[in-house]
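First the structure, in the form of structure tokens, and then the observations on it.
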Amino acid sequence: MATHHVAGSSASHSWARVPGRRQTPLRPNAPRGGPHRPQAPQYRNSHVARVIDKPDVKQSSAEAFIASVEQSLKDAAPEQEAASVVAASTAELQQQVTAIEQQLADLQQQIDARINATFSNIRITLPAEAAAGASDERQRQQLQQQEHTFADIDDAAFAALGRTNPLLLMALLEAAQSADKASWQAFQSDLQTLKLKRQRLSSQLADARSLLDIALRAEGKRQGLAAVRPDEQAITPLRTSTTPTRTVRIVLICGFESFNVALYNSAARRLAALAPHIQLRVFSDRDIATRRGEVAAALAGADCLFGSLLFDYDTVEWLRGQLAAVPVVLVFESALELMGQTRIGSFTMDPSGKSKGPPPAVKKVLSLFGSGREEDRLTGYLSFLKIGPQLLKFIPGKKAKDLRSWLTVYGYWNQGGLSNVVSMFLYLTEQHLAPAGLSIPPPPQETPQTGCLHPAQPGRYWTSPAEYMAWYAREGPLRGTGAPVVGLLLYRKHVITDQPYIQQLISQMEAEGLIPVPVFINGVEAHTVVRDQLTSEYEQSLIASGELPRGSLRKDAVKVDALVSTIGFPLVGGPAGTMEGGRQAEVAKSILSSMNVPYVVAAPLLIQDMASWAEQGIQGLQSVVLYSLPELDGAIDTVPLGGLVGDDIFLVPERVTRLSSRVHKWVSLRRKPTSDRKLALMLYGFPPGVGATGTAALLNVPKSLEQLLAAMQEAGYHLGPLPSGHDALEGLGEAILKTLKAQEEPRTFSRGAAGITALGAGEAEQWGVQPAAAEVTPQQLRELLTFPAEWGPTEWGPIPYLPSEDFLVKRMEAQWGDLNSYRGINSTMSGTLLVPGVQVGNLWIGVQPLLGVEGDPMRLLFERDLTPHPQYAATYKWLQEVYQADALLHFGMHGTVEWLPGAPLGNTGISWSDVLLGALPNVYLYAANNPSESIIAKRRGYGTIVSHNVPPYGRAGLYKQLSSLRDLLADVRSDPTSVSSLKEAIAGNVQAAGLQADCPLVEEGDGRELSAEEASQVPDEEFLAWCERLFLYLQTLENRLFSEGLHVLGASPSQSQLAAYLSAYYGDALPPAAVDVLAEGRGVEAARSALEAAYQMPAASHPESATQQRQQQQQRQQQQH
């Protein structure tokens, strides 16, 4: 047995350069809970091959397999043959899974044997001082043992040793290497080959299992359809009379519920068997774009159009033009313009306003439902829809009868399911289209309008969140863990139609360490659930202190830490409120402000499919539903969770992980004591090399930084030895910026963290500020940008392509070169990537790295092959994973991280903004006058926007030279005969002021300046016309608005600034007395009195009085300045 002595601790881990780094490398988007499910590439004889790094490929593994099975079903005429095709596919996949599992087991045995042969029976002697480098007491005690022997070691034990005792592992490796170098090289080569085979087989097994799961679900779906759709030949038609009945043609077009196309097609087949005279044609709104002629032909001969959840503007406008000749139109929960076309019998929803709506008795019935609040009208309306048909039986008149029919049809549709849909069309045909003596169908089979559900209790619905949480406290998977509780709003239509993503979403959120409170709703009552049945610690504290009335909040309301809506649309009104964008936003803000928890919209796309999202980003109506409307309520951190593949809804589990990680971070930020929160503050330095470090548009950064630090200190944040009070921080902002600018000096930067430390913090050190720098090695950056090797379709979902684990690294190296040899922007002499900054207690302050790409940063949105440079990526990943900031603050307008390449809207897992910001809460300070760019920061950069005021504006006025010129021109205008004597003076002033180019004598001349001597030769009439143009130009200059200085965060305008701003904004429309009253803040009543006192009928003006008024106004402005 060989004995090896290892001197010292040369086997230091590569993370030693970055203090605090965990030994286990973190990967992008790594889930919080449990091990990854194995996934990956291609295998023989499968229905589909894995596609890696090819974004132009349109079909994913899941899509290709589904397409192949569907085609087989279409090609196979008999039902039994179709079933055999699916069964054969399933059997083939099962055989492949079994075969690959056996190959993996054999390969693992080879790996274990090779490791054991190399490392067993090696004895290692460590010096006593080696224990000093141990990371914890347990490891220190182990290392204090002088000798270590490994009698038997396999792959799992080898990996465990690396996690628990890396120093000992490194010593073992060195011992094996020094014993026999030739054998060591052979071992490394063999082990690498075996592990690559294992990785490839694991990937193949993952794909095979994923596709087997899809096949099993497809088989289950087929069997389920067969169970609810018995052989049509065996169905006895309902009508037994032999009297000829005309054919009834019904056209159904569905929008947001295209996932129900298969259900509606099943209903069409069932109707054809039960009532052969009924023909139901089923389309989705996408067919209007791709099969418009076919849809138009169907509508041309239709007896009835049935539409649901139709919102796309082009679709709505086209349909409105096709409906004039359709006798019965029923449109539910769609754009108001289309719902206004509804007509059945004498009941219409006439958009012209000629129809007076329901009869008075019906209006009286309607008024009895709801709470009486404006925002609850639609909720009361839903209650009326449920029992309205029973009540309307007692109201006489045909209009009430037709309204009852409309409500009954809605009831069938709203309850969903095959039997209800079939009964709906049978009822409609028999009552209004073509009575044929059919028996009356049964009433709707009901499911709850709202409720809670959980995958652990399939088929069970709890009536309220309180009832659900009572069960969860007894049986829930995360009961008693203190995990964050998240209110999860689900769309009822998706629940009652058993959309698989619902159960998957709930289960994955739990796996990520969140306790979901899944509440399904129709959509219009979302705000009532949030307002009345959910609450928060903050809201309860306000109620307890008497600052907030309880109102309609139930005593058993469930406390939540965050709210997630999978519905989109406004919180108040839901889909029915979309045409009134923002109308009820104030109500929503009031509800959400009372709770004061993060409100996140995260939903699968129901208008776009996966491919269009990945290739073009979220667009059109989908962006309105998912982003624009919820943002009016105050939604943050929108995350698309998946989308359509064909007519089915699929999740992207990797996006659910991103949602969960961001919710975790927000909740952790709330729960962590203020003094323990670690924050990072990002300043800007663009353009480089011109002293722009620490600047932002319209913001005085040094003074605003001082204001922020003082406010943070007052709020309890730990800022080290920083003195308290605003006055004590005078000059600190400039001192910090001076230090950050000094850190940019190339020689300092090239020396790395040591150079930054040696530089110190300069003048800022008197306030306790210290230099703070870290170095990230190329290998560390690789690990930070590498996805887990086992990730496959289970994590990425059916996206059009499957990224390889090093997808991001490959992209970066394609633009910037090999990371190991990179010597570029902000790299050190040794090749590491420097992250410079300063530290103030728990606050790190640094400068955002330059983009490294010339031109407009917006071009990054459209040139997707571009990537941020390595040091840019290293900075943001360091803040997340090493410094472990609890939140990030981008200070002012504006940074660049939100402009990085990726989907233009709707971040994916390979969008650089998403990768670099990760789960970090991003608070973004932005000027209030630039919503178009701040919305980019909000949507692509997960920015929670805090708007700051802009500097006060004033009138530009005229300086002395121009003022003298204006007076001369006024004299000429008042006495045109004096023009000859004033020509030289006017021309001289124009020449001295440099106005010839802006306002030449000859408008299309050669640009030559007119001298005083030449002016006397110009004809009087031509010179007078020039004087008039000059006078108008000076008026424009004088009245032009400009920003006076820069805004200081948290500081209100001074009285003189406010007076100048009001005078500039209102001009002569606001008398000086009123301006003074408002600037002094004496209130509205004092301003009204000043206006009344100053008001007088305007007198007839003449040039002299006009000149005097201008002179007086100019004097007032000079006094204010």
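Each chain in the structure tokens gets a letter, A, B and so on, in the order shown; residues start at 1 in every chain, and ligands are counted from 1 in the order they appear.
Backbone DSSP assigns alpha helix (DSSP H) in range 288-336 of chain A to Ile288, Ala289, Thr290, Arg292, Gly293, Glu294, Val295, Ala296, Ala297, Ala298, Leu299, Ala300, Tyr313, Asp314, Thr315, Val316, Glu317, Trp318, Leu319, Arg320 and Leu336 of chain A.
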- prompt: Which parts of range 855-989 of chain A does DSSP call strand (DSSP E or B) when run on the backbone here, written out as a PyMOL selection string?
  reply: chain A and resi 887-891+922-927+943-948+953-955
task: Could you give me, as JSON, numbers by chain, the residues within 9 Å of His277 in chain A, counting only C-alpha atoms and dropping anything in the same chain fewer than 5 positions from it?
output: {"A": [245, 246, 247, 248, 249, 271, 272]}
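Minimum distance to Ile115 in chain A across A:Leu93, A:Leu629, A:Ala159, A:Ala511 (counting only C-alpha atoms) occurs at A:Ala159.
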Best match for closeness to Gly892 in chain A among A:Arg1088, A:Lys195, A:His948, A:Lys983, counting only C-alpha atoms: A:His948
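Contact shell of Lys738 in chain A at 10 Å (only C-alpha atoms; same-chain neighbours under 2 positions omitted): Gly691, Thr693, Gly694, Leu732, Gly733, Glu734, Ala735, Ile736, Leu740, Lys741, Ala742, Gln743, Ala761, Gly762, Glu763 and Ala764 of chain A.
Ranking A:Gln188, A:Gln713, A:Gln449, A:Thr429 by their shortest atom-to-atom distance to Leu280 in chain A, with only C-alpha atoms included, puts A:Thr429 first.
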- prompt: Which residues come within 8 Å of Leu626 in chain A, counting only C-alpha atoms, excluding same-chain residues fewer than 5 positions away, as number ranges by chain?
  reply: A: 568-569, 601-603, 638
Output C-alpha atoms of each residue in that selection to a file, as a short mmCIF file (atom, residue, chain, number, x, y, z; two decimals), in the first residue's frame.
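Resulting contents of selection_36.cif:
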```
data_model
loop_
_atom_site.label_atom_id
_atom_site.label_comp_id
_atom_site.auth_asym_id
_atom_site.auth_seq_id
_atom_site.Cartn_x
_atom_site.Cartn_y
_atom_site.Cartn_z
CA GLY A 568 -54.39 38.20 -17.01
CA PHE A 569 -56.88 40.95 -17.91
CA VAL A 601 -49.48 37.85 -13.54
CA ALA A 602 -48.10 34.55 -14.84
CA ALA A 603 -50.15 32.65 -17.37
CA THR A 638 -45.00 39.10 -15.50
#
```
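All residues of protein, DNA or RNA that reach within 12 Å of Glu730 in chain A, judged by only C-alpha atoms and not counting those fewer than 5 positions away in the chain, are Pro702, Lys703, Ser704, Leu705, Glu706, Gln707, Leu709, Ala710, Leu722, Pro723, Ser724, Gly725, Ala735, Ile736, Ala764, Gln766 and Trp767 of chain A.
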The selected residues should be written to file as a compact mmCIF listing (two decimals), in the first residue's frame (atoms: N, CA, C and O atoms).
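out-v9.txt written:
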```txt
# COMPACT_ATOMS: atom_id res chain seq x y z
N PRO A 702 -25.50 62.59 -7.33
CA PRO A 702 -24.82 62.68 -6.02
C PRO A 702 -25.76 63.10 -4.89
O PRO A 702 -25.78 62.47 -3.82
N LYS A 703 -26.54 64.14 -5.12
CA LYS A 703 -27.46 64.60 -4.08
C LYS A 703 -28.56 63.57 -3.82
O LYS A 703 -28.98 63.35 -2.67
N SER A 704 -29.06 62.95 -4.90
CA SER A 704 -30.11 61.95 -4.73
C SER A 704 -29.59 60.74 -3.97
O SER A 704 -30.31 60.13 -3.18
N LEU A 705 -28.33 60.40 -4.19
CA LEU A 705 -27.72 59.29 -3.47
C LEU A 705 -27.65 59.59 -1.97
O LEU A 705 -27.94 58.73 -1.13
N GLU A 706 -27.30 60.81 -1.65
CA GLU A 706 -27.28 61.21 -0.24
C GLU A 706 -28.68 61.13 0.37
O GLU A 706 -28.85 60.67 1.50
N GLN A 707 -29.67 61.60 -0.37
CA GLN A 707 -31.05 61.53 0.12
C GLN A 707 -31.46 60.08 0.39
O GLN A 707 -32.10 59.77 1.39
N LEU A 709 -29.50 57.41 0.96
CA LEU A 709 -28.77 56.82 2.08
C LEU A 709 -29.34 57.29 3.42
O LEU A 709 -29.48 56.50 4.36
N ALA A 710 -29.69 58.57 3.49
CA ALA A 710 -30.28 59.09 4.73
C ALA A 710 -31.62 58.43 5.01
O ALA A 710 -31.92 58.05 6.16
N LEU A 722 -21.87 54.87 8.91
CA LEU A 722 -22.36 56.09 8.26
C LEU A 722 -23.05 56.99 9.29
O LEU A 722 -23.92 56.55 10.03
N PRO A 723 -22.66 58.27 9.36
CA PRO A 723 -23.32 59.17 10.32
C PRO A 723 -24.77 59.40 9.94
O PRO A 723 -25.15 59.31 8.77
N SER A 724 -25.59 59.72 10.93
CA SER A 724 -27.02 59.89 10.69
C SER A 724 -27.34 61.35 10.35
O SER A 724 -26.61 62.27 10.74
N GLY A 725 -28.42 61.50 9.60
CA GLY A 725 -28.89 62.84 9.26
C GLY A 725 -28.45 63.28 7.89
O GLY A 725 -27.34 62.96 7.43
N ALA A 735 -18.17 62.17 -3.28
CA ALA A 735 -17.01 61.38 -2.88
C ALA A 735 -17.11 59.95 -3.38
O ALA A 735 -16.12 59.36 -3.85
N ILE A 736 -18.30 59.36 -3.32
CA ILE A 736 -18.49 57.99 -3.82
C ILE A 736 -18.27 57.94 -5.32
O ILE A 736 -17.59 57.05 -5.85
N ALA A 764 -14.30 59.30 0.48
CA ALA A 764 -15.50 58.64 1.01
C ALA A 764 -15.20 57.81 2.26
O ALA A 764 -16.13 57.45 3.00
N GLN A 766 -14.00 58.74 5.00
CA GLN A 766 -14.35 59.45 6.23
C GLN A 766 -15.80 59.19 6.64
O GLN A 766 -16.17 59.43 7.79
N TRP A 767 -16.61 58.69 5.71
CA TRP A 767 -17.99 58.31 6.04
C TRP A 767 -18.11 56.80 6.30
O TRP A 767 -19.21 56.29 6.46
```
- prompt: Which residues, written as JSON, numbers by chain, have at least one atom at most 12 Å from Val295 in chain A, with only C-alpha atoms counted and residues fewer than 3 positions away on the same chain left out?
  reply: {"A": [250, 251, 252, 253, 281, 282, 283, 284, 285, 286, 287, 288, 289, 290, 291, 292, 298, 299, 300, 301, 302, 305, 315, 318, 319, 322, 323]}
For the contact check between range 1042-1086 of chain A and range 952-976 of chain A, emit one row per residue of range 1042-1086 of chain A within 6 Å, containing the shortest atom pair and the distance in Å rounded to one decimal, counting only C-alpha atoms, chain then rising number order, as a tab-separated table.
```
residue	atom	partner	partner_atom	distance
A:Phe1042	CA	A:Tyr953	CA	5.4
A:Ser1043	CA	A:Tyr953	CA	4.6
A:Glu1044	CA	A:Tyr953	CA	5.7
A:Ala1060	CA	A:Gly954	CA	5.3
A:Tyr1061	CA	A:Tyr953	CA	4.9
A:Ala1064	CA	A:Gly954	CA	5.1
```
Store the residues picked out above, limited to N, CA, C and O atoms, as a PDB file, in the first residue's frame.
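Dumped to again10.pdb:
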```
ATOM      1  N   PHE A1042     -37.690  74.948 -20.927  1.00  0.00           N
ATOM      2  CA  PHE A1042     -36.444  74.217 -20.706  1.00  0.00           C
ATOM      3  C   PHE A1042     -36.381  73.787 -19.251  1.00  0.00           C
ATOM      4  O   PHE A1042     -37.020  74.363 -18.372  1.00  0.00           O
ATOM      5  N   SER A1043     -35.618  72.720 -19.008  1.00  0.00           N
ATOM      6  CA  SER A1043     -35.456  72.206 -17.645  1.00  0.00           C
ATOM      7  C   SER A1043     -34.460  73.064 -16.882  1.00  0.00           C
ATOM      8  O   SER A1043     -33.375  73.355 -17.392  1.00  0.00           O
ATOM      9  N   GLU A1044     -34.845  73.419 -15.679  1.00  0.00           N
ATOM     10  CA  GLU A1044     -33.951  74.196 -14.831  1.00  0.00           C
ATOM     11  C   GLU A1044     -33.231  73.263 -13.872  1.00  0.00           C
ATOM     12  O   GLU A1044     -33.774  72.838 -12.856  1.00  0.00           O
ATOM     13  N   ALA A1060     -41.780  79.806 -11.368  1.00  0.00           N
ATOM     14  CA  ALA A1060     -41.304  79.829 -12.746  1.00  0.00           C
ATOM     15  C   ALA A1060     -41.979  78.743 -13.568  1.00  0.00           C
ATOM     16  O   ALA A1060     -42.335  78.952 -14.740  1.00  0.00           O
ATOM     17  N   TYR A1061     -42.165  77.567 -12.954  1.00  0.00           N
ATOM     18  CA  TYR A1061     -42.800  76.454 -13.661  1.00  0.00           C
ATOM     19  C   TYR A1061     -44.246  76.794 -14.017  1.00  0.00           C
ATOM     20  O   TYR A1061     -44.697  76.579 -15.144  1.00  0.00           O
ATOM     21  N   ALA A1064     -44.373  79.388 -16.707  1.00  0.00           N
ATOM     22  CA  ALA A1064     -44.005  78.827 -18.002  1.00  0.00           C
ATOM     23  C   ALA A1064     -45.133  77.978 -18.567  1.00  0.00           C
ATOM     24  O   ALA A1064     -45.412  78.001 -19.771  1.00  0.00           O
TER      25      ALA A1064
END
```
